[in-house]
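Step one of this worksheet: look at the structure below.
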Amino acid sequence: MQQRRHIPPEASPAWRSGRSAELDLLLLCARWPQRDEDRQLIRALSECPMDRQHFLLLAQHHRLVPLVSQNLHASVAELRSPALDALLHQLRQLSLDNAHQALHSLAELRRV
């Protein structure tokens, strides 16, 4: 398997061209497998001011909620703030809704 090249967001050309903090956080949370460098960048970006609702909408739009939720929870386990707790709670709820929908679809598929 080819090793992925690690380019931190602040070093990438897109960062300099005005990519949002929400998109950078989403991209970092969507990486798999997560490395220590990824988790450090996630912690740093999660402390930056950002539009958390826009972040949630991006995760939903790109259908990455379960992956983003898992990686964000794992990365910021020791960081706690009211805003971050609210975001983690919303992601957890969206992940549960996603799992319920997948199980419902599977049950319907088996029925058909």
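Identifiers in the structure tokens: chain A, B, ... in order shown; residue index from 1 per chain; ligand index from 1 in order shown.
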Margin query: Taking 2 positions as the minimum chain separation for residues in the same chain, which residues sit within 10 Å of Phe55 in chain A when counting only C-alpha atoms? Answer as a list of chain:residue names.
Written below: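 Once the nearby chain positions are removed, what remains is A:Ser20, A:Ala21, A:Glu22, A:Leu23, A:Asp24, A:Leu25, A:Leu26, A:Met50, A:Asp51, A:Arg52, A:Gln53, A:Leu57, A:Leu58, A:Ala59, A:Gln60, A:His61, A:Leu87.
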Notebook entry, point to check: Which residue gives the smallest distance to Asn98 in chain A among A:Leu79, A:Leu67, A:Leu27, A:Ala44, with only C-alpha atoms counted?
Noted result: A:Leu67
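The gap separating CA of Leu94 in chain A from CA of Leu106 in chain A is 18.3 Å, in Å to one decimal.
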Margin query: Residues near Val76 in chain A, anyone? I mean within 10 Å using only C-alpha atoms, not counting same-chain ones fewer than 3 positions away, as a list in words.
Written below: Arg39, Gln40, Ile42, Arg43, Ala44, Ser46, Glu47, Asn71, Leu72, His73, Leu79, Arg80, Leu84, Asp85 and Leu88 of chain A
Go ahead and write the selection's residues with N, CA, C and O atoms as a short mmCIF file (atom, residue, chain, number, x, y, z; two decimals), in the first residue's frame.
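So the final result, stored in part.cif, reads:
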data_model
loop_
_atom_site.label_atom_id
_atom_site.label_comp_id
_atom_site.auth_asym_id
_atom_site.auth_seq_id
_atom_site.Cartn_x
_atom_site.Cartn_y
_atom_site.Cartn_z
N ARG A 39 -4.25 13.88 14.65
CA ARG A 39 -4.96 14.19 15.90
C ARG A 39 -4.50 15.51 16.49
O ARG A 39 -5.31 16.26 17.03
N GLN A 40 -3.22 15.81 16.40
CA GLN A 40 -2.72 17.09 16.90
C GLN A 40 -3.31 18.24 16.10
O GLN A 40 -3.71 19.26 16.68
N ILE A 42 -6.14 18.18 14.45
CA ILE A 42 -7.57 18.23 14.77
C ILE A 42 -7.78 18.98 16.07
O ILE A 42 -8.67 19.84 16.17
N ARG A 43 -6.97 18.69 17.09
CA ARG A 43 -7.08 19.41 18.37
C ARG A 43 -6.84 20.89 18.18
O ARG A 43 -7.57 21.72 18.72
N ALA A 44 -5.83 21.25 17.41
CA ALA A 44 -5.52 22.67 17.18
C ALA A 44 -6.67 23.36 16.44
O ALA A 44 -7.08 24.46 16.82
N SER A 46 -9.82 22.42 16.27
CA SER A 46 -11.08 22.41 17.02
C SER A 46 -11.12 23.53 18.05
O SER A 46 -12.20 23.89 18.53
N GLU A 47 -9.97 24.08 18.41
CA GLU A 47 -9.93 25.20 19.34
C GLU A 47 -10.07 26.55 18.64
O GLU A 47 -10.28 27.56 19.29
N ASN A 71 -13.55 10.11 14.62
CA ASN A 71 -12.21 10.67 14.65
C ASN A 71 -12.13 11.94 15.50
O ASN A 71 -11.13 12.17 16.19
N LEU A 72 -13.17 12.75 15.49
CA LEU A 72 -13.17 13.95 16.32
C LEU A 72 -13.25 13.57 17.80
O LEU A 72 -12.52 14.12 18.62
N HIS A 73 -14.12 12.62 18.13
CA HIS A 73 -14.21 12.16 19.53
C HIS A 73 -12.87 11.62 20.01
O HIS A 73 -12.43 11.92 21.12
N LEU A 79 -9.84 17.45 25.56
CA LEU A 79 -10.23 18.86 25.44
C LEU A 79 -11.73 18.98 25.66
O LEU A 79 -12.51 18.28 25.04
N ARG A 80 -12.13 19.86 26.51
CA ARG A 80 -13.56 20.04 26.75
C ARG A 80 -13.89 21.51 26.87
O ARG A 80 -13.26 22.25 27.62
N LEU A 84 -17.53 22.75 22.16
CA LEU A 84 -17.05 21.47 21.62
C LEU A 84 -17.92 20.31 22.09
O LEU A 84 -18.23 19.41 21.32
N ASP A 85 -18.35 20.36 23.35
CA ASP A 85 -19.26 19.32 23.86
C ASP A 85 -20.57 19.30 23.07
O ASP A 85 -21.10 18.24 22.76
N LEU A 88 -19.85 17.72 19.67
CA LEU A 88 -19.69 16.27 19.80
C LEU A 88 -21.03 15.58 20.04
O LEU A 88 -21.29 14.50 19.49
#
Next item on the list: Write down as number ranges by chain the residues of range 3-87 of chain A whose backbone DSSP state falls under helix (DSSP H, G or I).
Entry: A: 9-11, 13-16, 21-30, 36-46, 52-61, 65-75, 82-87
Notebook entry, point to check: Do you have the CA of Leu96 in chain A-CA of Pro66 in chain A distance handy?
Noted result: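 That distance, rounded to one decimal, is 8.4 Å.
Restricting the calculation to only C-alpha atoms, the smallest distance between Cys48 in chain A and any of A:His100, A:Leu109, A:His89, A:Ser81 is found for A:Ser81.
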